[in-house]
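Shown next, in structure tokens, is the structure this report addresses.
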Amino acid sequence: MLEISVSKSFNGFEVIEEISFRVKPGEFICIVGESGCGKTTLLRMIAGLESYEGKITFEGVRKIGFVFQDDRLLPWKTALENVLFPIKAVRKTDDRDIEHAKRILRLVGLQGFEDRYPKELSGGMRQRVGLARAIAVQPDILLMDEPFASLDELTRERMQEELIELWGRDRKAVIFVTHSIDEAVFLATRIIVLTPRPSKIAGEVEVDLERPRDRTSEKFNFYKKQVLHFLRMK
Amino acid sequence: MRLKILAIVTLILFWYFAVLLGFLMLPLPHQVAERFLILLLTPEPVLGKNLLQHSISSLIRVVSGSTVAFIIAVPLGILMGWRASIDTFLSTVVEVFRPIPPLAWIPLAYILFAGFTNPVQLAQIFLVFLGAFFPCLLSTREFARATDRNLIEMARAFGAGDASILREIVIPSSIPGILSGIRIGLGIGWMTIVAAEMLATSGSGVGYFVMVMYEVGGRLEEIISGMAMIGLIGYLMNEIVLIAERRLLRWR
């Protein structure tokens, strides 16, 4: 459903040497790599926020949901208004949209917080609003840029579990950028490991594990080792 | 609160001592206070109006001049903050006029408005306009320009166009700047009107009142009462906008 084959130079420096992969419907792809390897740049290219050489082809409609590392909520809007924002930005909203947004806030566990402003919510709750906002547009593909990186470990693991539950409902394609191997193995159906700059694909790991996944199992560690192996390649 | 009361009491005591010890040739605080309360509602015979009526005349001039100023300054400031090209173009024009103090416009304003029935009033309102316009424009522009680029990028990622980015992100980001622009603009507009009233026969106005009280023989109690009124109104205007800011910016 999405075909990517890109490279990028910036001020004469090669940032991305060559990254090519395909995303199939229902896939949960995690992109792993060191800081500064261009993971975020890659997501921004797909979202149309960054220029590139090469090709990014969408099959069918191109509707994107984006979850940012910093929540990027509008501070003057309530949780509900924030979720409605992307819909309101492209067309007029009606009562059905409000019901839809409320349902999604319930889905991410925020019933009762619809009318709170971002400053009144915890970091985890704000990320949930950000996630709800991305899901509310009913995207064909969900792009997530280290969305849980700033959360404490317990909240992070709970958010990962909830994300998998949400994803399991309709199996939208997800591209999830992270630098945590554990997170990638827990979430992904396929992990793409990038090399340091100028980046290219160091290797791909298909994660064939039952859900819910057990982070302490032997198989889990087996996949972690594989990812680590690719990360250490130069 | 206690410190605030202490500060006021100290000031008044200082005033008493300075007068009683002969350092200041002024009436005593309670004499001024008494006169102030009388003047507030009883017409003063030279101009035939009480202090409240004078204040209302001045306030009407300030409010009309600043309202026009804000109506023009706010959208202009937002556009300047949003688009660098508009900013460069308009900044040049603005910076030509901004260093000219409003009072320096008086002679030209009289000539410009000479054809109207009430040129002095109109000139005064125009001066308030000038005084209120620039602070509001610059404050609005600063906040519009400081709009979080990340939020704009978020909107673009979701496919938002310029119109909704302006409406949903740039304008709300500018509101704190608009409100403080209004607050500062009103303050400067108030200073401008009081000064402008002192320079021309305007029949009423709290600045005019103070000047006339000086001209008819240095009536200190009246002069200080008028000054107190000027200070009080300036303080209240500032407080009212501050309260509005707190109400409107609950999300902060």
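Order determines the names: the first chain of the structure tokens is A, the second B, and so forth; residues in each chain are numbered 1 upward, and ligands are numbered 1 upward as they are shown.
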
Practice item. At a cut-off of 12 Å, list the chain B residues touching chain A, using only C-alpha atoms, as a ChimeraX atom specification. Key: /B:147-176,248-252

Practice item. DSSP on the backbone, then: every residue of range 2-251 of chain B marked helix (DSSP H, G or I), written as a PyMOL selection string. Key: chain B and resi 2-20+29-41+51-82+84-97+102-112+119-145+149-157+162-199+206-215+220-248

Review point. Near range 72-80 of chain B, within 10 Å and counting only C-alpha atoms, which residues show up once chain neighbours fewer than 6 positions away are dropped, as a PyMOL selection string?
Key: chain B and resi 66+86-91+132-145+166+170-171+173-175+177-179+181-182

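Between CA of Leu105 in chain A and CA of Leu80 in chain A lies a distance of 7.6 Å.
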
Study note, to complete from the structure: If you count only C-alpha atoms, the residue of A:Val193, A:Ile141, A:Leu121, A:Leu2 closest to Thr178 in chain A turns out to be A:Val193

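Those residues that approach Ile56 in chain A to within 12 Å, counting only C-alpha atoms, are A:Met1, A:Leu2, A:Glu3, A:Ile4, A:Ser5, A:Val6, A:Ser7, A:Ile19, A:Ser20, A:Phe21, A:Arg22, A:Val23, A:Leu42, A:Leu43, A:Arg44, A:Met45, A:Ile46, A:Ala47, A:Gly48, A:Glu50, A:Ser51, A:Tyr52, A:Arg62; same-chain residues fewer than 4 positions away are not listed.
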
Review point. Skipping near chain neighbours, those fewer than 4 positions away, what residues fall within 12 Å of Pro198 in chain A using only C-alpha atoms, listed as a count of residues only?
Key: 21

Study note, to complete from the structure: A straight line from CA of Val185 in chain A to CA of Glu59 in chain A spans 27.4 Å

Exercise for review: Please measure the separation of CA of Leu166 in chain A and CA of Ile135 in chain A, giving the value in Å to one decimal.
Suggested key: 9.5 Å

Review point. Which is closer to Tyr223 in chain A than all the others in A:Leu142, A:Ile98, A:Val108, A:Ala188, using only C-alpha atoms?
Key: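 The shortest atom-to-atom distance to Tyr223 in chain A comes from A:Ala188.
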
Check your understanding: Gln53 in chain B: which residues within 9 Å, counting only C-alpha atoms, same-chain residues fewer than 6 positions away excluded, as a PyMOL selection string?
Key -> chain B and resi 40-41+43+204-206

So that I have them on file, write out the residues from the current selection with C-alpha atoms, as an mmCIF file, in the first residue's frame.
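What ended up in again_18.cif:
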data_model
loop_
_atom_site.group_PDB
_atom_site.id
_atom_site.type_symbol
_atom_site.label_atom_id
_atom_site.label_comp_id
_atom_site.auth_asym_id
_atom_site.auth_seq_id
_atom_site.Cartn_x
_atom_site.Cartn_y
_atom_site.Cartn_z
ATOM 1 C CA LEU B 40 -16.159 64.041 42.389
ATOM 2 C CA LEU B 41 -19.861 64.861 42.285
ATOM 3 C CA PRO B 43 -19.495 70.839 39.835
ATOM 4 C CA SER B 204 -13.880 69.285 29.455
ATOM 5 C CA GLY B 205 -11.535 66.449 30.266
ATOM 6 C CA VAL B 206 -9.563 65.632 33.358
#

**Study point:** Exercise: Arg171 in chain A partners within 8 Å, only C-alpha atoms, chain neighbours under 2 positions left out, as a VMD selection string
**Key:** chain A and resid 25 to 27 167 to 169 173

Write a file of the just-selected residues containing C-alpha atoms, as a short mmCIF file (atom, residue, chain, number, x, y, z; two decimals), in the first residue's frame.
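Output below, filename selection-v8.cif:
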data_model
loop_
_atom_site.label_atom_id
_atom_site.label_comp_id
_atom_site.auth_asym_id
_atom_site.auth_seq_id
_atom_site.Cartn_x
_atom_site.Cartn_y
_atom_site.Cartn_z
CA PRO A 25 -1.81 -3.31 4.79
CA GLY A 26 -2.05 -4.35 8.44
CA GLU A 27 1.68 -4.28 9.03
CA TRP A 167 -4.16 -1.66 16.40
CA GLY A 168 -5.65 -5.13 16.74
CA ARG A 169 -9.17 -3.70 16.22
CA ALA A 173 -0.70 0.02 8.83
#
